[in-house]
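The structure file data21.cif is reproduced below (mmCIF, C-alpha atoms).
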data_protein
loop_
_atom_site.group_PDB
_atom_site.id
_atom_site.type_symbol
_atom_site.label_atom_id
_atom_site.label_comp_id
_atom_site.auth_asym_id
_atom_site.auth_seq_id
_atom_site.Cartn_x
_atom_site.Cartn_y
_atom_site.Cartn_z
ATOM 1 C CA MET A 1 142.677 -260.895 -10.508
ATOM 2 C CA PRO A 2 143.858 -259.819 -13.966
ATOM 3 C CA ASP A 3 147.573 -259.361 -14.329
ATOM 4 C CA ALA A 4 147.305 -255.589 -14.864
ATOM 5 C CA LEU A 5 145.226 -255.136 -11.727
ATOM 6 C CA HIS A 6 147.616 -257.326 -9.744
ATOM 7 C CA ARG A 7 150.566 -255.153 -10.869
ATOM 8 C CA LEU A 8 148.667 -252.006 -9.994
ATOM 9 C CA ALA A 9 147.822 -253.374 -6.533
ATOM 10 C CA LEU A 10 151.484 -254.256 -5.994
ATOM 11 C CA LEU A 11 152.541 -250.785 -7.127
ATOM 12 C CA GLU A 12 149.993 -249.232 -4.784
ATOM 13 C CA SER A 13 151.332 -251.246 -1.860
ATOM 14 C CA ILE A 14 154.920 -250.237 -2.579
ATOM 15 C CA LEU A 15 154.149 -246.563 -3.127
ATOM 16 C CA GLY A 16 152.061 -246.483 0.024
ATOM 17 C CA ALA A 17 155.149 -247.341 2.059
ATOM 18 C CA VAL A 18 157.692 -244.929 0.553
ATOM 19 C CA ASN A 19 158.483 -241.488 1.967
ATOM 20 C CA LEU A 20 157.333 -239.488 -1.025
ATOM 21 C CA GLY A 21 154.094 -238.447 -2.636
ATOM 22 C CA ALA A 22 152.720 -240.772 -5.300
ATOM 23 C CA ILE A 23 149.723 -240.186 -7.546
ATOM 24 C CA VAL A 24 148.769 -242.447 -10.448
ATOM 25 C CA LEU A 25 146.441 -241.162 -13.175
ATOM 26 C CA ASP A 26 144.720 -243.078 -15.938
ATOM 27 C CA GLU A 27 144.250 -241.881 -19.520
ATOM 28 C CA GLN A 28 141.270 -239.737 -18.540
ATOM 29 C CA HIS A 29 143.282 -238.014 -15.788
ATOM 30 C CA ARG A 30 141.341 -239.898 -13.136
ATOM 31 C CA ILE A 31 143.164 -240.607 -9.886
ATOM 32 C CA VAL A 32 143.646 -244.356 -9.419
ATOM 33 C CA LEU A 33 146.290 -244.170 -6.673
ATOM 34 C CA TRP A 34 146.783 -241.630 -3.886
ATOM 35 C CA ASN A 35 149.319 -242.900 -1.377
ATOM 36 C CA HIS A 36 149.396 -242.394 2.405
ATOM 37 C CA TRP A 37 152.079 -239.695 2.116
ATOM 38 C CA MET A 38 149.757 -237.585 -0.065
ATOM 39 C CA ALA A 39 146.864 -238.040 2.346
ATOM 40 C CA ARG A 40 149.075 -237.030 5.266
ATOM 41 C CA HIS A 41 150.516 -233.880 3.694
ATOM 42 C CA SER A 42 147.489 -232.629 1.769
ATOM 43 C CA ALA A 43 143.955 -231.735 2.736
ATOM 44 C CA CYS A 44 142.589 -234.646 0.659
ATOM 45 C CA ARG A 45 141.753 -238.103 2.018
ATOM 46 C CA THR A 46 142.442 -241.053 -0.242
ATOM 47 C CA ASP A 47 138.826 -242.216 -0.386
ATOM 48 C CA ALA A 48 137.711 -238.692 -1.332
ATOM 49 C CA VAL A 49 139.940 -238.347 -4.384
ATOM 50 C CA LEU A 50 140.074 -241.858 -5.899
ATOM 51 C CA GLY A 51 138.226 -241.868 -9.222
ATOM 52 C CA GLN A 52 138.150 -238.061 -9.327
ATOM 53 C CA ASP A 53 139.544 -236.035 -12.212
ATOM 54 C CA PHE A 54 142.964 -234.772 -11.146
ATOM 55 C CA PHE A 55 142.199 -231.255 -12.385
ATOM 56 C CA ALA A 56 138.890 -231.230 -10.514
ATOM 57 C CA VAL A 57 140.865 -231.841 -7.306
ATOM 58 C CA TYR A 58 143.549 -229.289 -8.269
ATOM 59 C CA PRO A 59 141.957 -226.889 -10.779
ATOM 60 C CA GLU A 60 144.746 -224.336 -10.188
ATOM 61 C CA LEU A 61 147.220 -226.745 -11.856
ATOM 62 C CA ARG A 62 145.272 -227.024 -15.126
ATOM 63 C CA HIS A 63 147.379 -224.409 -16.927
ATOM 64 C CA LYS A 64 150.655 -224.972 -15.092
ATOM 65 C CA ARG A 65 153.741 -226.868 -16.255
ATOM 66 C CA ILE A 66 152.606 -230.058 -14.511
ATOM 67 C CA ALA A 67 149.535 -230.240 -16.782
ATOM 68 C CA SER A 68 151.696 -230.390 -19.902
ATOM 69 C CA ALA A 69 153.973 -232.917 -18.159
ATOM 70 C CA ILE A 70 150.963 -235.174 -17.534
ATOM 71 C CA THR A 71 149.887 -234.833 -21.184
ATOM 72 C CA GLN A 72 153.400 -235.686 -22.391
ATOM 73 C CA ALA A 73 153.498 -238.770 -20.171
ATOM 74 C CA LEU A 74 150.076 -240.118 -21.174
ATOM 75 C CA ARG A 75 150.139 -239.168 -24.853
ATOM 76 C CA ASP A 76 153.834 -239.179 -25.795
ATOM 77 C CA ASN A 77 155.293 -241.650 -23.266
ATOM 78 C CA PHE A 78 157.693 -238.915 -22.153
ATOM 79 C CA GLN A 79 159.066 -238.397 -18.621
ATOM 80 C CA SER A 80 159.321 -234.880 -17.133
ATOM 81 C CA LEU A 81 161.193 -233.470 -14.137
ATOM 82 C CA LEU A 82 159.999 -230.266 -12.472
ATOM 83 C CA SER A 83 162.603 -228.692 -10.219
ATOM 84 C CA GLN A 84 161.573 -226.577 -7.248
ATOM 85 C CA THR A 85 163.758 -223.743 -8.577
ATOM 86 C CA LEU A 86 161.509 -223.134 -11.586
ATOM 87 C CA HIS A 87 158.245 -224.506 -10.186
ATOM 88 C CA LYS A 88 157.827 -223.296 -6.625
ATOM 89 C CA ALA A 89 155.600 -225.633 -4.564
ATOM 90 C CA PRO A 90 152.813 -226.270 -7.126
ATOM 91 C CA PHE A 91 150.914 -228.658 -4.821
ATOM 92 C CA PRO A 92 149.306 -227.331 -1.602
ATOM 93 C CA LEU A 93 151.314 -229.680 0.593
ATOM 94 C CA TYR A 94 152.613 -229.005 4.108
ATOM 95 C CA THR A 95 155.404 -230.723 6.014
ATOM 96 C CA HIS A 96 153.348 -231.198 9.189
ATOM 97 C CA GLY A 97 150.015 -231.750 7.504
ATOM 98 C CA ALA A 98 147.599 -229.381 5.871
ATOM 99 C CA ALA A 99 146.956 -226.188 7.810
ATOM 100 C CA GLU A 100 145.736 -222.731 6.991
ATOM 101 C CA GLY A 101 148.493 -220.146 6.816
ATOM 102 C CA ARG A 102 151.399 -222.561 6.897
ATOM 103 C CA GLU A 103 154.207 -222.253 4.408
ATOM 104 C CA ARG A 104 154.044 -224.805 1.620
ATOM 105 C CA MET A 105 156.432 -227.690 1.401
ATOM 106 C CA GLN A 106 159.122 -227.182 -1.252
ATOM 107 C CA GLN A 107 158.741 -229.855 -3.918
ATOM 108 C CA ALA A 108 160.703 -231.634 -6.625
ATOM 109 C CA ILE A 109 158.341 -233.438 -9.008
ATOM 110 C CA ALA A 110 158.743 -236.209 -11.565
ATOM 111 C CA VAL A 111 155.980 -237.292 -13.980
ATOM 112 C CA THR A 112 156.628 -240.758 -15.450
ATOM 113 C CA PRO A 113 154.571 -242.807 -17.951
ATOM 114 C CA ILE A 114 153.523 -246.298 -16.791
ATOM 115 C CA ASN A 115 153.047 -248.918 -19.491
ATOM 116 C CA LEU A 116 151.206 -252.061 -18.383
ATOM 117 C CA PRO A 117 150.702 -255.006 -20.780
ATOM 118 C CA ALA A 118 147.233 -255.025 -22.384
ATOM 119 C CA SER A 119 146.272 -251.966 -20.394
ATOM 120 C CA PRO A 120 145.907 -248.273 -21.232
ATOM 121 C CA ARG A 121 148.828 -246.075 -20.325
ATOM 122 C CA HIS A 122 148.932 -244.520 -16.863
ATOM 123 C CA CYS A 123 151.269 -241.933 -15.396
ATOM 124 C CA LEU A 124 152.948 -241.651 -12.017
ATOM 125 C CA ILE A 125 153.457 -238.295 -10.321
ATOM 126 C CA GLN A 126 156.219 -238.450 -7.697
ATOM 127 C CA ILE A 127 156.625 -235.590 -5.219
ATOM 128 C CA ASN A 128 159.727 -235.255 -3.065
ATOM 129 C CA ASP A 129 159.886 -232.976 -0.036
ATOM 130 C CA VAL A 130 162.991 -230.816 -0.589
ATOM 131 C CA THR A 131 162.144 -228.195 2.056
ATOM 132 C CA ILE A 132 165.212 -228.973 4.165
ATOM 133 C CA ALA A 133 167.525 -228.849 1.153
ATOM 134 C CA VAL A 134 166.003 -225.559 -0.010
ATOM 135 C CA GLY A 135 166.334 -224.134 3.498
ATOM 136 C CA ARG A 136 169.958 -225.220 3.617
ATOM 137 C CA GLU A 137 170.652 -223.576 0.259
ATOM 138 C CA LYS A 138 168.960 -220.376 1.433
ATOM 139 C CA LEU A 139 171.046 -220.356 4.603
ATOM 140 C CA LEU A 140 174.227 -220.899 2.606
ATOM 141 C CA ARG A 141 173.287 -218.025 0.265
ATOM 142 C CA GLU A 142 172.638 -215.757 3.231
ATOM 143 C CA GLN A 143 175.926 -216.744 4.855
ATOM 144 C CA THR A 144 177.715 -216.106 1.572
ATOM 145 C CA MET A 145 176.155 -212.635 1.372
ATOM 146 C CA VAL A 146 177.209 -211.894 4.950
ATOM 147 C CA LEU A 147 180.760 -213.068 4.269
ATOM 148 C CA ARG A 148 180.846 -211.059 1.066
ATOM 149 C CA SER A 149 179.678 -207.937 2.845
ATOM 150 C CA GLN A 150 182.256 -208.529 5.576
ATOM 151 C CA THR A 151 184.950 -209.013 2.954
ATOM 152 C CA PHE A 152 184.208 -205.610 1.427
ATOM 153 C CA ALA A 153 183.335 -203.682 4.620
ATOM 154 C CA ASP A 154 185.686 -202.102 7.117
ATOM 155 C CA GLY A 155 185.385 -203.907 10.438
ATOM 156 C CA LEU A 156 185.404 -200.727 12.533
ATOM 157 C CA THR A 157 183.464 -198.099 10.590
ATOM 158 C CA GLY A 158 181.209 -200.327 8.461
ATOM 159 C CA ILE A 159 181.963 -198.378 5.271
ATOM 160 C CA ALA A 160 183.825 -199.862 2.300
ATOM 161 C CA ASN A 161 187.286 -201.189 3.066
ATOM 162 C CA ARG A 162 190.511 -201.004 1.049
ATOM 163 C CA ARG A 163 189.678 -204.152 -0.904
ATOM 164 C CA HIS A 164 186.299 -202.719 -1.888
ATOM 165 C CA PHE A 165 188.024 -199.500 -2.910
ATOM 166 C CA ASP A 166 190.498 -201.378 -5.124
ATOM 167 C CA VAL A 167 187.692 -203.216 -6.925
ATOM 168 C CA ALA A 168 185.562 -200.074 -7.313
ATOM 169 C CA ILE A 169 188.324 -197.770 -8.575
ATOM 170 C CA GLU A 170 189.347 -200.310 -11.206
ATOM 171 C CA LYS A 171 185.743 -200.664 -12.398
ATOM 172 C CA GLU A 172 185.140 -196.913 -12.502
ATOM 173 C CA MET A 173 188.427 -196.228 -14.279
ATOM 174 C CA ARG A 174 187.508 -198.717 -16.994
ATOM 175 C CA ARG A 175 184.055 -197.170 -17.335
ATOM 176 C CA ALA A 176 185.436 -193.622 -17.507
ATOM 177 C CA MET A 177 187.884 -194.617 -20.242
ATOM 178 C CA ARG A 178 185.182 -196.457 -22.179
ATOM 179 C CA THR A 179 182.583 -193.691 -22.026
ATOM 180 C CA GLY A 180 184.796 -190.626 -21.812
ATOM 181 C CA SER A 181 183.006 -189.545 -18.637
ATOM 182 C CA PRO A 182 184.862 -187.660 -15.872
ATOM 183 C CA LEU A 183 186.076 -189.344 -12.697
ATOM 184 C CA SER A 184 187.370 -187.703 -9.532
ATOM 185 C CA LEU A 185 189.121 -189.112 -6.497
ATOM 186 C CA LEU A 186 189.285 -187.490 -3.066
ATOM 187 C CA MET A 187 191.815 -188.524 -0.438
ATOM 188 C CA ILE A 188 190.561 -187.373 2.985
ATOM 189 C CA ASP A 189 192.644 -187.373 6.178
ATOM 190 C CA ILE A 190 191.601 -186.468 9.728
ATOM 191 C CA ASP A 191 193.984 -183.771 10.925
ATOM 192 C CA HIS A 192 196.218 -184.412 13.986
ATOM 193 C CA PHE A 193 194.582 -187.791 14.555
ATOM 194 C CA LYS A 194 197.643 -189.343 16.232
ATOM 195 C CA ASP A 195 197.562 -186.539 18.784
ATOM 196 C CA TYR A 196 193.820 -187.164 19.239
ATOM 197 C CA ASN A 197 194.443 -190.855 19.948
ATOM 198 C CA ASP A 198 197.315 -190.113 22.318
ATOM 199 C CA HIS A 199 195.251 -187.590 24.274
ATOM 200 C CA TYR A 200 191.796 -189.209 24.344
ATOM 201 C CA GLY A 201 192.703 -192.895 24.033
ATOM 202 C CA HIS A 202 192.141 -195.464 21.328
ATOM 203 C CA GLN A 203 188.526 -196.201 22.264
ATOM 204 C CA GLN A 204 187.518 -192.582 21.797
ATOM 205 C CA GLY A 205 189.689 -192.511 18.689
ATOM 206 C CA ASP A 206 187.692 -195.405 17.269
ATOM 207 C CA ASP A 207 184.433 -193.635 18.151
ATOM 208 C CA CYS A 208 185.686 -190.552 16.306
ATOM 209 C CA LEU A 209 186.524 -192.604 13.194
ATOM 210 C CA ILE A 210 183.110 -194.279 13.251
ATOM 211 C CA ARG A 211 181.263 -190.963 13.508
ATOM 212 C CA VAL A 212 183.319 -189.168 10.854
ATOM 213 C CA ALA A 213 182.987 -192.133 8.449
ATOM 214 C CA ALA A 214 179.206 -192.285 8.899
ATOM 215 C CA GLU A 215 178.790 -188.534 8.416
ATOM 216 C CA LEU A 216 180.952 -188.396 5.278
ATOM 217 C CA ALA A 217 179.367 -191.511 3.757
ATOM 218 C CA ALA A 218 175.920 -189.956 4.242
ATOM 219 C CA MET A 219 176.994 -186.994 2.108
ATOM 220 C CA LEU A 220 177.545 -189.203 -0.935
ATOM 221 C CA GLN A 221 174.001 -189.529 -2.227
ATOM 222 C CA ARG A 222 174.515 -191.234 -5.597
ATOM 223 C CA PRO A 223 174.659 -195.051 -5.633
ATOM 224 C CA THR A 224 177.851 -194.984 -7.740
ATOM 225 C CA ASP A 225 179.728 -192.774 -5.233
ATOM 226 C CA LEU A 226 181.867 -194.681 -2.745
ATOM 227 C CA LEU A 227 183.543 -193.695 0.512
ATOM 228 C CA ALA A 228 186.142 -196.187 1.701
ATOM 229 C CA ARG A 229 188.479 -196.382 4.647
ATOM 230 C CA TYR A 230 191.820 -196.291 2.881
ATOM 231 C CA GLY A 231 193.911 -196.873 5.972
ATOM 232 C CA GLY A 232 194.106 -195.598 9.558
ATOM 233 C CA GLU A 233 192.453 -192.176 9.660
ATOM 234 C CA GLU A 234 192.532 -191.763 5.876
ATOM 235 C CA PHE A 235 189.470 -192.124 3.655
ATOM 236 C CA ALA A 236 189.022 -192.172 -0.117
ATOM 237 C CA ALA A 237 185.959 -191.031 -2.045
ATOM 238 C CA ILE A 238 185.409 -192.254 -5.614
ATOM 239 C CA LEU A 239 183.164 -189.847 -7.526
ATOM 240 C CA PRO A 240 182.166 -191.111 -11.010
ATOM 241 C CA ASP A 241 180.752 -188.615 -13.530
ATOM 242 C CA THR A 242 182.268 -185.776 -11.497
ATOM 243 C CA ASP A 243 184.506 -183.167 -13.112
ATOM 244 C CA ALA A 244 187.139 -181.032 -11.371
ATOM 245 C CA ALA A 245 184.791 -178.179 -10.453
ATOM 246 C CA GLN A 246 182.157 -180.552 -9.051
ATOM 247 C CA ALA A 247 184.823 -182.461 -7.112
ATOM 248 C CA LEU A 248 186.078 -179.221 -5.577
ATOM 249 C CA ARG A 249 182.567 -178.283 -4.438
ATOM 250 C CA MET A 250 182.028 -181.719 -2.936
ATOM 251 C CA ALA A 251 185.406 -181.660 -1.184
ATOM 252 C CA GLU A 252 184.673 -178.232 0.337
ATOM 253 C CA ALA A 253 181.266 -179.452 1.491
ATOM 254 C CA ILE A 254 182.899 -182.483 3.145
ATOM 255 C CA ARG A 255 185.554 -180.314 4.816
ATOM 256 C CA GLU A 256 182.934 -177.886 6.140
ATOM 257 C CA HIS A 257 180.677 -180.686 7.349
ATOM 258 C CA ALA A 258 183.515 -182.424 9.209
ATOM 259 C CA ALA A 259 184.435 -179.144 10.941
ATOM 260 C CA GLY A 260 180.773 -178.514 11.684
ATOM 261 C CA LEU A 261 180.566 -181.713 13.725
ATOM 262 C CA ARG A 262 182.560 -179.875 16.407
ATOM 263 C CA ILE A 263 184.160 -183.039 17.763
ATOM 264 C CA PRO A 264 186.468 -181.660 20.493
ATOM 265 C CA HIS A 265 190.221 -181.958 19.886
ATOM 266 C CA ALA A 266 192.346 -180.172 22.463
ATOM 267 C CA LYS A 267 195.697 -181.120 20.921
ATOM 268 C CA THR A 268 195.522 -179.652 17.399
ATOM 269 C CA GLY A 269 198.434 -177.304 18.040
ATOM 270 C CA ASN A 270 196.453 -174.321 16.770
ATOM 271 C CA ASP A 271 193.408 -172.227 17.576
ATOM 272 C CA VAL A 272 190.957 -174.726 16.041
ATOM 273 C CA LYS A 273 190.070 -177.059 18.909
ATOM 274 C CA HIS A 274 187.911 -179.588 17.081
ATOM 275 C CA ILE A 275 188.290 -182.300 14.474
ATOM 276 C CA THR A 276 188.967 -181.146 10.905
ATOM 277 C CA VAL A 277 189.932 -182.904 7.692
ATOM 278 C CA SER A 278 192.302 -182.167 4.840
ATOM 279 C CA ILE A 279 191.396 -183.282 1.323
ATOM 280 C CA GLY A 280 193.378 -183.888 -1.852
ATOM 281 C CA ILE A 281 191.624 -184.037 -5.231
ATOM 282 C CA ALA A 282 192.678 -185.673 -8.496
ATOM 283 C CA THR A 283 190.597 -185.456 -11.682
ATOM 284 C CA PRO A 284 192.110 -186.693 -14.960
ATOM 285 C CA HIS A 285 191.600 -184.596 -18.070
ATOM 286 C CA PRO A 286 189.012 -186.222 -20.382
ATOM 287 C CA GLN A 287 191.731 -186.972 -22.951
ATOM 288 C CA GLN A 288 193.983 -188.586 -20.347
ATOM 289 C CA GLN A 289 194.008 -192.300 -19.623
ATOM 290 C CA PRO A 290 196.065 -192.505 -16.426
ATOM 291 C CA THR A 291 196.800 -195.630 -14.458
ATOM 292 C CA ILE A 292 195.077 -196.198 -11.146
ATOM 293 C CA SER A 293 198.360 -195.686 -9.318
ATOM 294 C CA ALA A 294 198.845 -192.333 -11.105
ATOM 295 C CA LEU A 295 195.347 -191.196 -10.071
ATOM 296 C CA ILE A 296 195.869 -192.228 -6.437
ATOM 297 C CA GLY A 297 199.361 -190.691 -6.465
ATOM 298 C CA ALA A 298 198.010 -187.347 -7.661
ATOM 299 C CA ALA A 299 195.307 -187.298 -4.973
ATOM 300 C CA ASP A 300 197.906 -188.228 -2.326
ATOM 301 C CA ARG A 301 200.196 -185.401 -3.431
ATOM 302 C CA ALA A 302 197.305 -182.957 -3.252
ATOM 303 C CA LEU A 303 196.502 -184.192 0.267
ATOM 304 C CA TYR A 304 200.130 -183.696 1.284
ATOM 305 C CA LEU A 305 200.026 -180.118 -0.042
ATOM 306 C CA ALA A 306 196.805 -179.442 1.888
ATOM 307 C CA LYS A 307 198.415 -180.610 5.107
ATOM 308 C CA ARG A 308 201.624 -178.695 4.494
ATOM 309 C CA ALA A 309 199.597 -175.553 3.810
ATOM 310 C CA GLY A 310 198.076 -175.681 7.278
ATOM 311 C CA ARG A 311 195.446 -178.479 7.248
ATOM 312 C CA ASN A 312 191.658 -178.069 7.264
ATOM 313 C CA ARG A 313 191.744 -177.266 3.576
ATOM 314 C CA VAL A 314 191.246 -178.686 0.081
ATOM 315 C CA MET A 315 193.893 -178.895 -2.627
ATOM 316 C CA ALA A 316 193.777 -180.261 -6.167
ATOM 317 C CA GLN A 317 196.704 -181.755 -8.068
ATOM 318 C CA PRO A 318 196.996 -182.289 -11.831
ATOM 319 C CA LEU A 319 198.067 -185.692 -13.076
#

Could I get this file's structure written as structure tokens?
Amino acid sequence: MPDALHRLALLESILGAVNLGAIVLDEQHRIVLWNHWMARHSACRTDAVLGQDFFAVYPELRHKRIASAITQALRDNFQSLLSQTLHKAPFPLYTHGAAEGRERMQQAIAVTPINLPASPRHCLIQINDVTIAVGREKLLREQTMVLRSQTFADGLTGIANRRHFDVAIEKEMRRAMRTGSPLSLLMIDIDHFKDYNDHYGHQQGDDCLIRVAAELAAMLQRPTDLLARYGGEEFAAILPDTDAAQALRMAEAIREHAAGLRIPHAKTGNDVKHITVSIGIATPHPQQQPTISALIGAADRALYLAKRAGRNRVMAQPL
């Protein structure tokens, strides 16, 4: 047996035993090796593909990245690596054998030139099954997204939490200063909530917070608007591109909607026997560049004035 054929037979024996796909092509793209792994995970038997043109077996790959990788290996003696991130499962291969409707195996592919003495150049296509690794990465990404959402969501109400508020207000303040667009902040407090908790119990108090938060959040229709639980029974609404007049209309709509829920509250100390909210508004003048603490402080002062004036009302405070 000529030396080149002996080497090729040895290579075939080795590649038949390894746990990866191995295809060897000659200069004319004819398949001269198709290992057991390929036969097991594809719909093609070894005896059916040997001697066939690679692109006759896989015509869909003729204009894909692997075709140029094969050309570079055979013509330019250049190795190529095709990651599964950029080249999603180019071969119709399946982890548990070929089957209609099954999800393809995720693949990492290497195309390597083979130079045998006194023999035309060949190339080796190696295919690694990276399905488990890809699945693990996907799971980690999903877990990261869940943790991220938990980090920025209030555990009780599901709306944005204080940390989310801090990040959002800083971003929107920077944007407002950069573009000269208006920005308004509402501080919203459920009236007589301590008395509500004392009378109805903490479980019903939590249910009240959950319902009020969901109702108020649903009123903020724009994706840039944000309702956050600021602390206890207090909420904060960040309203980008909203001037003082628009903020006042929104605050009044929120106040009316909260009262319209008619959540019973027997211990308000006045004639209104249902849940209401008080709201403080702060809207910087377009020429102002206040600090975040100054903006929050102004909205807090306005909220305090609304409560002192009798609750269930809206007040605005200049910075």

What do you get, as a PDB file with C-alpha atoms, in the coordinates of the input, if you spell out every residue that the PyMOL selection byres ((chain A and resi 133) around 12) selects here?
ATOM      1  CA  GLN A  84     161.573-226.577  -7.248  1.00  0.00           C
ATOM      2  CA  THR A  85     163.758-223.743  -8.577  1.00  0.00           C
ATOM      3  CA  MET A 105     156.432-227.690   1.401  1.00  0.00           C
ATOM      4  CA  GLN A 106     159.122-227.182  -1.252  1.00  0.00           C
ATOM      5  CA  GLN A 107     158.741-229.855  -3.918  1.00  0.00           C
ATOM      6  CA  ALA A 108     160.703-231.634  -6.625  1.00  0.00           C
ATOM      7  CA  ASN A 128     159.727-235.255  -3.065  1.00  0.00           C
ATOM      8  CA  ASP A 129     159.886-232.976  -0.036  1.00  0.00           C
ATOM      9  CA  VAL A 130     162.991-230.816  -0.589  1.00  0.00           C
ATOM     10  CA  THR A 131     162.144-228.195   2.056  1.00  0.00           C
ATOM     11  CA  ILE A 132     165.212-228.973   4.165  1.00  0.00           C
ATOM     12  CA  VAL A 134     166.003-225.559  -0.010  1.00  0.00           C
ATOM     13  CA  GLY A 135     166.334-224.134   3.498  1.00  0.00           C
ATOM     14  CA  ARG A 136     169.958-225.220   3.617  1.00  0.00           C
ATOM     15  CA  GLU A 137     170.652-223.576   0.259  1.00  0.00           C
ATOM     16  CA  LYS A 138     168.960-220.376   1.433  1.00  0.00           C
ATOM     17  CA  LEU A 139     171.046-220.356   4.603  1.00  0.00           C
ATOM     18  CA  LEU A 140     174.227-220.899   2.606  1.00  0.00           C
TER      19      LEU A 140
END

Next on the checklist: On this structure, the PyMOL selection byres ((chain A and resi 183) around 10) would catch which residues? List them as a list in words, sorted by chain and number.
Outcome noted: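 Applying the PyMOL selection byres ((chain A and resi 183) around 10) to the structure shown produces Ile169, Glu172, Met173, Arg175, Ala176, Met177, Gly180, Ser181, Pro182, Ser184, Leu185, Ile238, Leu239, Pro240, Asp241, Thr242, Asp243, Ala244, Ala247, Ala282, Thr283, Pro284, His285, Pro286 and Leu295 of chain A.
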
Checklist entry - Between atom CA of A:Met219 and atom CA of A:His202, what is the spacing in Å? => result 25.9 Å

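You can rank A:Asp47, A:Glu27, A:Glu142, A:Asp198 by their closest distance to A:Ser119 using all atoms listed in the file, and at the top of that list sits A:Glu27.
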
Checklist entry - Pick from A:His192, A:Ala245, A:Glu256, A:Pro290: nearest to A:Asn270, with only C-alpha atoms counted? => result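 Among the listed residues, the smallest separation from A:Asn270 belongs to A:His192.
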
Checklist entry - So what do you get for atom CA of A:Ser68 versus atom CA of A:Met38, distance-wise? => result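 Atom CA of A:Met38 lies 21.2 Å from atom CA of A:Ser68.
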
Next on the checklist: So that I can check the surroundings of stretch 203-210 of chain A, please list as a count of residues only every protein, DNA and RNA residue that reaches within 9 Å of it, counting all atoms listed in the file and ignoring chain neighbours fewer than 5 positions away.
Outcome noted: 14

Item to check | Expected selection from the PyMOL selection byres ((chain A and resi 80) around 8), given as an MDAnalysis selection string | outcome: chainID A and resid 69 72:73 78:79 81:82 110:112

Now that the selection is made, can you save its residues with C-alpha atoms as a PDB file, in the coordinates of the input?
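Saved as out-v8.pdb:
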ATOM      1  CA  ALA A  69     153.973-232.917 -18.159  1.00  0.00           C
ATOM      2  CA  GLN A  72     153.400-235.686 -22.391  1.00  0.00           C
ATOM      3  CA  ALA A  73     153.498-238.770 -20.171  1.00  0.00           C
ATOM      4  CA  PHE A  78     157.693-238.915 -22.153  1.00  0.00           C
ATOM      5  CA  GLN A  79     159.066-238.397 -18.621  1.00  0.00           C
ATOM      6  CA  LEU A  81     161.193-233.470 -14.137  1.00  0.00           C
ATOM      7  CA  LEU A  82     159.999-230.266 -12.472  1.00  0.00           C
ATOM      8  CA  ALA A 110     158.743-236.209 -11.565  1.00  0.00           C
ATOM      9  CA  VAL A 111     155.980-237.292 -13.980  1.00  0.00           C
ATOM     10  CA  THR A 112     156.628-240.758 -15.450  1.00  0.00           C
TER      11      THR A 112
END

Item to check | A:Ala228 environment, 10 Å, only C-alpha atoms, sequence neighbours closer than 3 positions dropped, as a ChimeraX atom specification | outcome: /A:152-154,157-166,168,187-188,213,217,231,234-238

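Here the question is which of A:Ala48, A:Leu248, A:Ala253, A:Leu33 gets nearest to A:Leu220 using only C-alpha atoms, and that residue is A:Ala253.
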
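When atom CA of A:Leu20 is paired with atom CA of A:Tyr94, their separation reads 12.6 Å.
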
Checklist entry - Neighbours of A:Gly280 within 10 Å (all atoms listed in the file; same-chain residues fewer than 2 positions away dropped), as a ChimeraX atom specification? => result /A:185-189,236,248,251,278,282,296,298-307,313-317

Next on the checklist: Using only C-alpha atoms for the distances, tell me which of A:Ile281, A:Leu227, A:Leu319, A:His96 is nearest to A:Trp37.
Outcome noted: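 Answer, going by the shortest atom-to-atom distance: A:His96.
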
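Between A:His257 and the candidates A:Arg211, A:Arg104, A:Arg65, A:His122, the tightest atom-to-atom separation, counting only C-alpha atoms, involves A:Arg211.
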